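Asks: So here's work-v2.pdb, just PDB, C-alpha atoms:
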ATOM      1  CA  MET A 128      -1.427  -6.106 -14.042  1.00  0.00           C
ATOM      2  CA  LYS A 129      -4.927  -5.417 -12.691  1.00  0.00           C
ATOM      3  CA  ILE A 130      -5.045  -3.077  -9.714  1.00  0.00           C
ATOM      4  CA  THR A 131      -8.089  -2.151  -7.633  1.00  0.00           C
ATOM      5  CA  LYS A 132      -7.850   0.585  -5.014  1.00  0.00           C
ATOM      6  CA  LEU A 133     -10.026   0.112  -1.937  1.00  0.00           C
ATOM      7  CA  VAL A 134      -9.519   3.512  -0.278  1.00  0.00           C
ATOM      8  CA  HIS A 135      -6.412   4.930   1.367  1.00  0.00           C
ATOM      9  CA  SER A 136      -3.551   2.389   1.177  1.00  0.00           C
ATOM     10  CA  CYS A 137      -5.542  -0.745   0.392  1.00  0.00           C
ATOM     11  CA  PHE A 138      -5.225  -2.434  -3.010  1.00  0.00           C
ATOM     12  CA  ILE A 139      -5.924  -5.740  -4.691  1.00  0.00           C
ATOM     13  CA  LEU A 140      -3.272  -6.740  -7.217  1.00  0.00           C
ATOM     14  CA  GLU A 141      -4.075  -9.461  -9.752  1.00  0.00           C
ATOM     15  CA  LYS A 142      -1.761 -11.184 -12.191  1.00  0.00           C
ATOM     16  CA  ASP A 143      -1.676 -14.633 -13.817  1.00  0.00           C
ATOM     17  CA  GLY A 144      -4.632 -15.821 -11.743  1.00  0.00           C
ATOM     18  CA  LYS A 145      -3.091 -14.803  -8.398  1.00  0.00           C
ATOM     19  CA  ARG A 146      -4.571 -12.139  -6.111  1.00  0.00           C
ATOM     20  CA  ILE A 147      -2.742 -10.187  -3.393  1.00  0.00           C
ATOM     21  CA  LEU A 148      -4.437  -7.846  -0.898  1.00  0.00           C
ATOM     22  CA  VAL A 149      -2.426  -4.908   0.445  1.00  0.00           C
ATOM     23  CA  ASP A 150      -2.925  -3.138   3.803  1.00  0.00           C
ATOM     24  CA  PRO A 151      -6.517  -3.936   4.872  1.00  0.00           C
ATOM     25  CA  GLY A 152      -7.005  -0.892   7.096  1.00  0.00           C
ATOM     26  CA  VAL A 153      -9.841   0.728   8.994  1.00  0.00           C
ATOM     27  CA  TYR A 154     -10.453   3.667   6.634  1.00  0.00           C
ATOM     28  CA  SER A 155     -10.954   1.195   3.809  1.00  0.00           C
ATOM     29  CA  TRP A 156     -13.167  -1.001   5.969  1.00  0.00           C
ATOM     30  CA  GLN A 157     -15.417   1.890   7.012  1.00  0.00           C
ATOM     31  CA  SER A 158     -15.732   3.286   3.493  1.00  0.00           C
ATOM     32  CA  GLY A 159     -18.387   0.922   2.170  1.00  0.00           C
ATOM     33  CA  VAL A 160     -16.208   0.184  -0.864  1.00  0.00           C
ATOM     34  CA  VAL A 161     -15.006  -3.203   0.404  1.00  0.00           C
ATOM     35  CA  GLU A 162     -17.373  -5.825  -1.007  1.00  0.00           C
ATOM     36  CA  GLU A 163     -17.282  -9.267   0.586  1.00  0.00           C
ATOM     37  CA  ASP A 164     -16.930 -11.092  -2.723  1.00  0.00           C
ATOM     38  CA  LEU A 165     -13.746  -9.152  -3.483  1.00  0.00           C
ATOM     39  CA  MET A 166     -12.134 -10.866  -0.517  1.00  0.00           C
ATOM     40  CA  SER A 167     -12.703 -14.373  -1.913  1.00  0.00           C
ATOM     41  CA  ASP A 168      -9.896 -16.387  -3.499  1.00  0.00           C
ATOM     42  CA  LEU A 169      -7.072 -14.227  -2.200  1.00  0.00           C
ATOM     43  CA  ASP A 170      -3.713 -15.962  -2.359  1.00  0.00           C
ATOM     44  CA  SER A 171      -1.835 -13.597  -0.049  1.00  0.00           C
ATOM     45  CA  VAL A 172      -2.191 -10.532   2.165  1.00  0.00           C
ATOM     46  CA  VAL A 173       0.707  -8.144   2.783  1.00  0.00           C
ATOM     47  CA  VAL A 174       0.751  -5.544   5.569  1.00  0.00           C
ATOM     48  CA  THR A 175       3.401  -2.834   5.739  1.00  0.00           C
ATOM     49  CA  HIS A 176       2.927  -2.003   9.447  1.00  0.00           C
ATOM     50  CA  GLU A 177       0.502  -2.330  12.328  1.00  0.00           C
ATOM     51  CA  HIS A 178      -1.171   1.106  12.343  1.00  0.00           C
ATOM     52  CA  PRO A 179      -4.976   0.757  12.191  1.00  0.00           C
ATOM     53  CA  ASP A 180      -5.260   2.544   8.838  1.00  0.00           C
ATOM     54  CA  HIS A 181      -3.242  -0.367   7.415  1.00  0.00           C
ATOM     55  CA  LEU A 182      -4.475  -3.231   9.605  1.00  0.00           C
ATOM     56  CA  SER A 183      -8.071  -3.447  10.863  1.00  0.00           C
ATOM     57  CA  GLU A 184      -9.343  -6.378  12.935  1.00  0.00           C
ATOM     58  CA  ASP A 185     -12.802  -6.265  11.322  1.00  0.00           C
ATOM     59  CA  PHE A 186     -11.280  -6.257   7.847  1.00  0.00           C
ATOM     60  CA  VAL A 187      -8.941  -9.089   8.814  1.00  0.00           C
ATOM     61  CA  ASP A 188     -11.871 -11.155  10.105  1.00  0.00           C
ATOM     62  CA  LEU A 189     -13.657 -10.813   6.762  1.00  0.00           C
ATOM     63  CA  VAL A 190     -10.579 -11.872   4.824  1.00  0.00           C
ATOM     64  CA  LYS A 191     -10.023 -14.807   7.176  1.00  0.00           C
ATOM     65  CA  THR A 192     -13.587 -15.956   6.498  1.00  0.00           C
ATOM     66  CA  LYS A 193     -13.615 -15.440   2.744  1.00  0.00           C
ATOM     67  CA  SER A 194     -10.030 -16.566   2.023  1.00  0.00           C
ATOM     68  CA  PRO A 195      -9.029 -18.968   4.808  1.00  0.00           C
ATOM     69  CA  GLY A 196      -6.088 -20.284   2.794  1.00  0.00           C
ATOM     70  CA  ALA A 197      -4.476 -16.898   2.184  1.00  0.00           C
ATOM     71  CA  LYS A 198      -0.904 -16.434   3.394  1.00  0.00           C
ATOM     72  CA  TRP A 199      -0.208 -13.317   5.473  1.00  0.00           C
ATOM     73  CA  TYR A 200       3.027 -11.318   5.498  1.00  0.00           C
ATOM     74  CA  GLY A 201       4.346  -8.346   7.441  1.00  0.00           C
ATOM     75  CA  PRO A 202       6.943  -7.183   9.970  1.00  0.00           C
ATOM     76  CA  SER A 203       7.135  -8.925  13.341  1.00  0.00           C
ATOM     77  CA  GLN A 204       4.730  -6.517  15.077  1.00  0.00           C
ATOM     78  CA  VAL A 205       2.129  -7.288  12.414  1.00  0.00           C
ATOM     79  CA  VAL A 206       2.743 -11.022  12.748  1.00  0.00           C
ATOM     80  CA  SER A 207       2.259 -10.738  16.516  1.00  0.00           C
ATOM     81  CA  GLN A 208      -1.003  -8.815  16.101  1.00  0.00           C
ATOM     82  CA  LEU A 209      -2.281 -11.324  13.572  1.00  0.00           C
ATOM     83  CA  ALA A 210      -1.499 -14.158  15.982  1.00  0.00           C
ATOM     84  CA  ASP A 211      -3.727 -12.479  18.583  1.00  0.00           C
ATOM     85  CA  TRP A 212      -6.493 -12.592  15.955  1.00  0.00           C
ATOM     86  CA  GLY A 213      -5.959 -16.271  15.172  1.00  0.00           C
ATOM     87  CA  ILE A 214      -3.862 -15.939  12.015  1.00  0.00           C
ATOM     88  CA  ASN A 215      -0.404 -17.325  11.335  1.00  0.00           C
ATOM     89  CA  GLY A 216       1.660 -14.698   9.553  1.00  0.00           C
ATOM     90  CA  SER A 217       5.234 -14.601   8.358  1.00  0.00           C
ATOM     91  CA  SER A 218       7.910 -11.903   8.538  1.00  0.00           C
ATOM     92  CA  SER A 219       9.791 -13.367   5.575  1.00  0.00           C
ATOM     93  CA  SER A 220       8.889 -14.806   2.197  1.00  0.00           C
ATOM     94  CA  ASP A 221      10.198 -17.545  -0.077  1.00  0.00           C
ATOM     95  CA  ASP A 222       7.569 -16.616  -2.675  1.00  0.00           C
ATOM     96  CA  ASP A 223       9.136 -14.814  -5.638  1.00  0.00           C
ATOM     97  CA  SER A 224       5.965 -12.766  -6.082  1.00  0.00           C
ATOM     98  CA  ILE A 225       6.324 -11.286  -2.560  1.00  0.00           C
ATOM     99  CA  VAL A 226       9.661  -9.659  -1.731  1.00  0.00           C
ATOM    100  CA  PHE A 227      10.278  -7.745   1.493  1.00  0.00           C
ATOM    101  CA  ILE A 228      12.074  -4.412   1.061  1.00  0.00           C
ATOM    102  CA  GLU A 229      13.708  -2.893   4.130  1.00  0.00           C
ATOM    103  CA  SER A 230      12.217   0.522   4.860  1.00  0.00           C
ATOM    104  CA  SER A 231      11.284   2.841   7.701  1.00  0.00           C
ATOM    105  CA  HIS A 232       8.054   4.598   8.545  1.00  0.00           C
ATOM    106  CA  ALA A 233       8.181   8.352   7.990  1.00  0.00           C
ATOM    107  CA  ASP A 234       9.316  10.261  11.070  1.00  0.00           C
ATOM    108  CA  LEU A 235       6.463  10.549  13.575  1.00  0.00           C
ATOM    109  CA  ASP A 236       8.150  12.682  16.220  1.00  0.00           C
ATOM    110  CA  PRO A 237       6.611  14.497  18.072  1.00  0.00           C
ATOM    111  CA  TRP A 238       3.192  13.223  16.949  1.00  0.00           C
ATOM    112  CA  PHE A 239       3.884   9.718  18.273  1.00  0.00           C
ATOM    113  CA  PRO A 240       6.755   8.747  20.608  1.00  0.00           C
ATOM    114  CA  GLU A 241       7.696   5.519  18.805  1.00  0.00           C
ATOM    115  CA  GLN A 242       8.148   4.356  15.232  1.00  0.00           C
ATOM    116  CA  PRO A 243       6.387   1.129  14.208  1.00  0.00           C
ATOM    117  CA  GLU A 244       8.240  -1.693  12.547  1.00  0.00           C
ATOM    118  CA  HIS A 245       7.766  -1.172   8.846  1.00  0.00           C
ATOM    119  CA  THR A 246       8.424  -2.913   5.548  1.00  0.00           C
ATOM    120  CA  SER A 247       7.815  -2.204   1.900  1.00  0.00           C
ATOM    121  CA  PHE A 248       7.172  -4.925  -0.682  1.00  0.00           C
ATOM    122  CA  VAL A 249       7.820  -5.670  -4.319  1.00  0.00           C
ATOM    123  CA  LEU A 250       4.872  -7.731  -5.559  1.00  0.00           C
ATOM    124  CA  PHE A 251       4.723  -9.791  -8.760  1.00  0.00           C
ATOM    125  CA  ASN A 252       8.163  -8.331  -9.604  1.00  0.00           C
ATOM    126  CA  GLU A 253       6.255  -5.271 -10.839  1.00  0.00           C
ATOM    127  CA  VAL A 254       4.740  -3.211  -8.024  1.00  0.00           C
ATOM    128  CA  LEU A 255       6.652  -1.511  -5.214  1.00  0.00           C
ATOM    129  CA  VAL A 256       4.306  -0.955  -2.270  1.00  0.00           C
ATOM    130  CA  GLY A 257       5.944   1.772  -0.227  1.00  0.00           C
ATOM    131  CA  GLY A 258       3.683   1.812   2.820  1.00  0.00           C
ATOM    132  CA  ASP A 259       4.328   4.928   4.902  1.00  0.00           C
ATOM    133  CA  CYS A 260       7.932   5.423   3.806  1.00  0.00           C
ATOM    134  CA  HIS A 261       9.071   8.715   2.283  1.00  0.00           C
ATOM    135  CA  THR A 262      12.780   7.811   2.087  1.00  0.00           C
ATOM    136  CA  LEU A 263      12.874   5.057  -0.548  1.00  0.00           C
ATOM    137  CA  SER A 264      15.842   5.733  -2.816  1.00  0.00           C
ATOM    138  CA  ASP A 265      15.201   3.150  -5.519  1.00  0.00           C
ATOM    139  CA  SER A 266      12.260   1.453  -7.217  1.00  0.00           C
ATOM    140  CA  HIS A 267      13.899  -1.958  -6.658  1.00  0.00           C
ATOM    141  CA  GLY A 268      13.199  -3.022 -10.221  1.00  0.00           C
ATOM    142  CA  ALA A 269       9.461  -2.378  -9.982  1.00  0.00           C
ATOM    143  CA  ARG A 270       7.850  -0.516 -12.862  1.00  0.00           C
ATOM    144  CA  ILE A 271       4.875   0.625 -10.722  1.00  0.00           C
ATOM    145  CA  PHE A 272       5.134   2.430  -7.389  1.00  0.00           C
ATOM    146  CA  ALA A 273       2.157   2.597  -5.002  1.00  0.00           C
ATOM    147  CA  GLY A 274       3.295   5.402  -2.721  1.00  0.00           C
ATOM    148  CA  ALA A 275       1.961   7.459   0.167  1.00  0.00           C
ATOM    149  CA  ILE A 276       1.299  10.793  -1.479  1.00  0.00           C
ATOM    150  CA  ASN A 277      -0.140  12.290   1.725  1.00  0.00           C
ATOM    151  CA  GLY A 278       1.044  11.362   5.182  1.00  0.00           C
ATOM    152  CA  GLY A 279      -1.746  12.904   7.226  1.00  0.00           C
ATOM    153  CA  PRO A 280       0.115  14.189  10.312  1.00  0.00           C
ATOM    154  CA  TRP A 281       3.598  13.160   9.190  1.00  0.00           C
ATOM    155  CA  GLY A 282       4.228  14.135   5.587  1.00  0.00           C
ATOM    156  CA  ALA A 283       3.275  16.104   2.528  1.00  0.00           C
ATOM    157  CA  VAL A 284       2.816  15.607  -1.178  1.00  0.00           C
ATOM    158  CA  VAL A 285       5.879  17.788  -1.797  1.00  0.00           C
ATOM    159  CA  GLY A 286       8.010  15.345   0.197  1.00  0.00           C
ATOM    160  CA  PHE A 287       6.606  12.495  -1.852  1.00  0.00           C
ATOM    161  CA  ALA A 288       7.458  14.237  -5.119  1.00  0.00           C
ATOM    162  CA  ARG A 289      10.991  14.932  -3.887  1.00  0.00           C
ATOM    163  CA  MET A 290      11.437  11.252  -3.025  1.00  0.00           C
ATOM    164  CA  ILE A 291      10.547  10.232  -6.582  1.00  0.00           C
ATOM    165  CA  GLU A 292      12.836  12.901  -8.009  1.00  0.00           C
ATOM    166  CA  ALA A 293      15.784  11.656  -5.922  1.00  0.00           C
ATOM    167  CA  MET A 294      15.380   7.959  -6.767  1.00  0.00           C
ATOM    168  CA  ASP A 295      18.342   6.319  -8.483  1.00  0.00           C
ATOM    169  CA  ASN A 296      15.977   4.288 -10.651  1.00  0.00           C
ATOM    170  CA  ARG A 297      12.545   5.855 -10.909  1.00  0.00           C
ATOM    171  CA  PRO A 298       9.448   3.746 -11.552  1.00  0.00           C
ATOM    172  CA  GLU A 299       7.621   4.062 -14.855  1.00  0.00           C
ATOM    173  CA  VAL A 300       4.254   4.595 -13.171  1.00  0.00           C
ATOM    174  CA  VAL A 301       3.108   6.016  -9.826  1.00  0.00           C
ATOM    175  CA  ILE A 302      -0.292   5.282  -8.280  1.00  0.00           C
ATOM    176  CA  PRO A 303      -1.565   7.148  -5.207  1.00  0.00           C
ATOM    177  CA  ALA A 304      -1.910   5.709  -1.713  1.00  0.00           C
ATOM    178  CA  HIS A 305      -2.558   7.139   1.749  1.00  0.00           C
ATOM    179  CA  ASP A 306      -4.941   9.868   0.599  1.00  0.00           C
ATOM    180  CA  TRP A 307      -8.078   9.241   2.682  1.00  0.00           C
ATOM    181  CA  HIS A 308      -7.428  12.519   4.497  1.00  0.00           C
ATOM    182  CA  TRP A 309      -8.500  14.691   1.552  1.00  0.00           C
ATOM    183  CA  ASN A 310     -12.018  15.439   0.392  1.00  0.00           C
ATOM    184  CA  ASP A 311     -12.848  14.724  -3.242  1.00  0.00           C
ATOM    185  CA  GLU A 312     -12.215  18.265  -4.451  1.00  0.00           C
ATOM    186  CA  ALA A 313      -8.797  18.447  -2.805  1.00  0.00           C
ATOM    187  CA  ARG A 314      -7.875  14.983  -4.099  1.00  0.00           C
ATOM    188  CA  LYS A 315      -8.781  15.950  -7.661  1.00  0.00           C
ATOM    189  CA  GLY A 316      -6.618  19.057  -7.494  1.00  0.00           C
ATOM    190  CA  ILE A 317      -3.646  17.170  -6.042  1.00  0.00           C
ATOM    191  CA  TYR A 318      -3.972  14.389  -8.612  1.00  0.00           C
ATOM    192  CA  ASN A 319      -3.982  16.918 -11.438  1.00  0.00           C
ATOM    193  CA  ARG A 320      -0.852  18.653 -10.191  1.00  0.00           C
ATOM    194  CA  LEU A 321       0.907  15.369  -9.400  1.00  0.00           C
ATOM    195  CA  GLY A 322       0.350  14.309 -12.977  1.00  0.00           C
ATOM    196  CA  GLU A 323       2.204  17.415 -14.148  1.00  0.00           C
ATOM    197  CA  VAL A 324       5.018  17.048 -11.610  1.00  0.00           C
ATOM    198  CA  MET A 325       5.527  13.339 -12.334  1.00  0.00           C
ATOM    199  CA  GLU A 326       5.526  13.944 -16.086  1.00  0.00           C
ATOM    200  CA  ALA A 327       8.362  16.430 -15.624  1.00  0.00           C
ATOM    201  CA  GLN A 328      10.281  13.656 -13.855  1.00  0.00           C
ATOM    202  CA  GLY A 329       9.650  11.169 -16.660  1.00  0.00           C
ATOM    203  CA  VAL A 330       7.085   9.227 -14.637  1.00  0.00           C
ATOM    204  CA  LYS A 331       3.448   8.569 -15.492  1.00  0.00           C
ATOM    205  CA  PHE A 332       0.939   9.286 -12.719  1.00  0.00           C
ATOM    206  CA  VAL A 333      -2.230   7.168 -12.819  1.00  0.00           C
ATOM    207  CA  PRO A 334      -5.057   8.505 -10.628  1.00  0.00           C
ATOM    208  CA  MET A 335      -7.117   5.786  -9.001  1.00  0.00           C
ATOM    209  CA  GLU A 336     -10.846   5.851  -8.307  1.00  0.00           C
ATOM    210  CA  ASN A 337     -11.876   3.912  -5.236  1.00  0.00           C
ATOM    211  CA  GLY A 338     -13.501   0.586  -6.010  1.00  0.00           C
ATOM    212  CA  LEU A 339     -12.619   0.615  -9.698  1.00  0.00           C
ATOM    213  CA  SER A 340      -9.936  -1.501 -11.362  1.00  0.00           C
ATOM    214  CA  VAL A 341      -7.304  -0.355 -13.836  1.00  0.00           C
ATOM    215  CA  ASP A 342      -4.962  -2.357 -16.034  1.00  0.00           C
ATOM    216  CA  ILE A 343      -1.415  -1.024 -15.932  1.00  0.00           C
TER     217      ILE A 343
END
Output the structure of this file as structure tokens.
Replies:
Amino acid sequence: MKITKLVHSCFILEKDGKRILVDPGVYSWQSGVVEEDLMSDLDSVVVTHEHPDHLSEDFVDLVKTKSPGAKWYGPSQVVSQLADWGINGSSSSDDDSIVFIESSHADLDPWFPEQPEHTSFVLFNEVLVGGDCHTLSDSHGARIFAGAINGGPWGAVVGFARMIEAMDNRPEVVIPAHDWHWNDEARKGIYNRLGEVMEAQGVKFVPMENGLSVDI
């Protein structure tokens, strides 16, 4: 499995010649890491929820241009937003490589008055994409978990670690998402400590460098 992190919660997953883009959000778009050629030949795009840091109109326009045949997936609010931007999306999947997992966004009260519709995904039967959920209780058979280690206004890395600890079936590997909010020095320190905490839980933590691919 080849995984490329494109800042915050955005990834490209590649396996057996298929490419899936995850959460094309505004922080990723503004970072300068997103190269146009990377958006070519995408088979699918999955979006966990409609918040701008996971779904950016400018980013979507680029993907639509470079990969016009890509299939888009997300909850109904995402599908509705995509329709406004001229894209047909789906809130269900009959593709075995894209499985919707029911999940809820982390509690936003009192920061925001409403919770967005939210979904997680298991992709390629190997990667659980958690989105902004801190209450997943199982890895759903995935050996790799891309999870929100920092929630910005709504969560903390301690809550993330507790979620992994409480899982009935822990993943083998954790990779970090939702960490745009930290500067490089803070991110390095958190990654180092997460590696120690995850190891104690029998899980391998793989730090990701933006724009670079790793094989897991």
Asks: Do you know which residues the PyMOL selection byres ((chain A and resi 155) around 8) returns on this file, as a list in words?
Replies: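 Applied to this file, the PyMOL selection byres ((chain A and resi 155) around 8) returns Leu133, Val134, His135, Ser136, Cys137, Pro151, Gly152, Val153, Tyr154, Trp156, Gln157, Ser158, Gly159, Val160, Val161 and Asp180 of chain A.
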Asks: Determine the residue set returned by the PyMOL selection byres ((chain A and resi 186-202) around 7) for the present structure, and present it as a PyMOL selection string.
Replies: chain A and resi 151-152+156+166-176+183-185+203-206+216-218+244-246
Asks: Next, the residues of the selection above should be written as a short mmCIF file (atom, residue, chain, number, x, y, z; two decimals), in the coordinates of the input with C-alpha atoms.
Replies:
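What landed in out.cif:
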data_model
loop_
_atom_site.label_atom_id
_atom_site.label_comp_id
_atom_site.auth_asym_id
_atom_site.auth_seq_id
_atom_site.Cartn_x
_atom_site.Cartn_y
_atom_site.Cartn_z
CA PRO A 151 -6.52 -3.94 4.87
CA GLY A 152 -7.00 -0.89 7.10
CA TRP A 156 -13.17 -1.00 5.97
CA MET A 166 -12.13 -10.87 -0.52
CA SER A 167 -12.70 -14.37 -1.91
CA ASP A 168 -9.90 -16.39 -3.50
CA LEU A 169 -7.07 -14.23 -2.20
CA ASP A 170 -3.71 -15.96 -2.36
CA SER A 171 -1.84 -13.60 -0.05
CA VAL A 172 -2.19 -10.53 2.16
CA VAL A 173 0.71 -8.14 2.78
CA VAL A 174 0.75 -5.54 5.57
CA THR A 175 3.40 -2.83 5.74
CA HIS A 176 2.93 -2.00 9.45
CA SER A 183 -8.07 -3.45 10.86
CA GLU A 184 -9.34 -6.38 12.94
CA ASP A 185 -12.80 -6.26 11.32
CA SER A 203 7.14 -8.93 13.34
CA GLN A 204 4.73 -6.52 15.08
CA VAL A 205 2.13 -7.29 12.41
CA VAL A 206 2.74 -11.02 12.75
CA GLY A 216 1.66 -14.70 9.55
CA SER A 217 5.23 -14.60 8.36
CA SER A 218 7.91 -11.90 8.54
CA GLU A 244 8.24 -1.69 12.55
CA HIS A 245 7.77 -1.17 8.85
CA THR A 246 8.42 -2.91 5.55
#
Asks: May I have the residues within 7 Å of region 253-255 of chain A as an MDAnalysis selection string, using only C-alpha atoms and disregarding those fewer than 3 positions away in the same chain?
Replies: chainID A and resid 248:250 266 269:273
Asks: Might you spell out which residues the PyMOL selection byres ((chain A and resi 334) around 12) would select in the displayed file, as a PyMOL selection string?
Replies: chain A and resi 130-132+273-274+276+300-304+306+314-322+325+331-333+335-337+339-341+343
Asks: Quick check, in Å to one decimal: how far apart do CA of Ile147 (chain A) and CA of Ile225 (chain A) lie?
Replies: 9.2 Å
Asks: Point out the residue among A:Leu165, A:Ala275, A:His232, A:Val285 with the least atom-to-atom distance to Arg146 (chain A), counting only C-alpha atoms.
Replies: A:Leu165
Asks: Excluding Gly286 (chain A) and any residue of its chain fewer than 6 positions from it, enumerate the residues within 10 Å of it, using all atoms listed in the file, and give them as a count of residues only.
Replies: 7
Asks: What is the distance, in Å and to one decimal place, between CA of Trp307 (chain A) and CA of Gly338 (chain A)?
Replies: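 Separation between CA of Trp307 (chain A) and CA of Gly338 (chain A): 13.4 Å.
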Asks: How far is it from CA of Phe138 (chain A) to CA of Trp238 (chain A), in Å with one decimal?
Replies: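 Atom-to-atom, CA of Phe138 (chain A) and CA of Trp238 (chain A) are spaced 26.7 Å apart.
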Asks: Name the residues in contact with Lys129 (chain A) at a cut-off of 6 Å, using only C-alpha atoms, excluding same-chain residues fewer than 5 positions from it; report them as a VMD selection string.
Replies: chain A and resid 140 to 141 341 to 342
Asks: Considering all atoms listed in the file, state which residue in the set A:Asn252, A:Ser264, A:Ser230, A:Ser219 is at the smallest distance from Phe287 (chain A).
Replies: A:Ser264
Asks: Would you mind telling me which residue in A:Trp281, A:Ala327, A:Pro179, A:Ser207 lies nearest to Phe239 (chain A) when using all atoms listed in the file?
Replies: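 Selected residue with least distance to Phe239 (chain A): A:Trp281.
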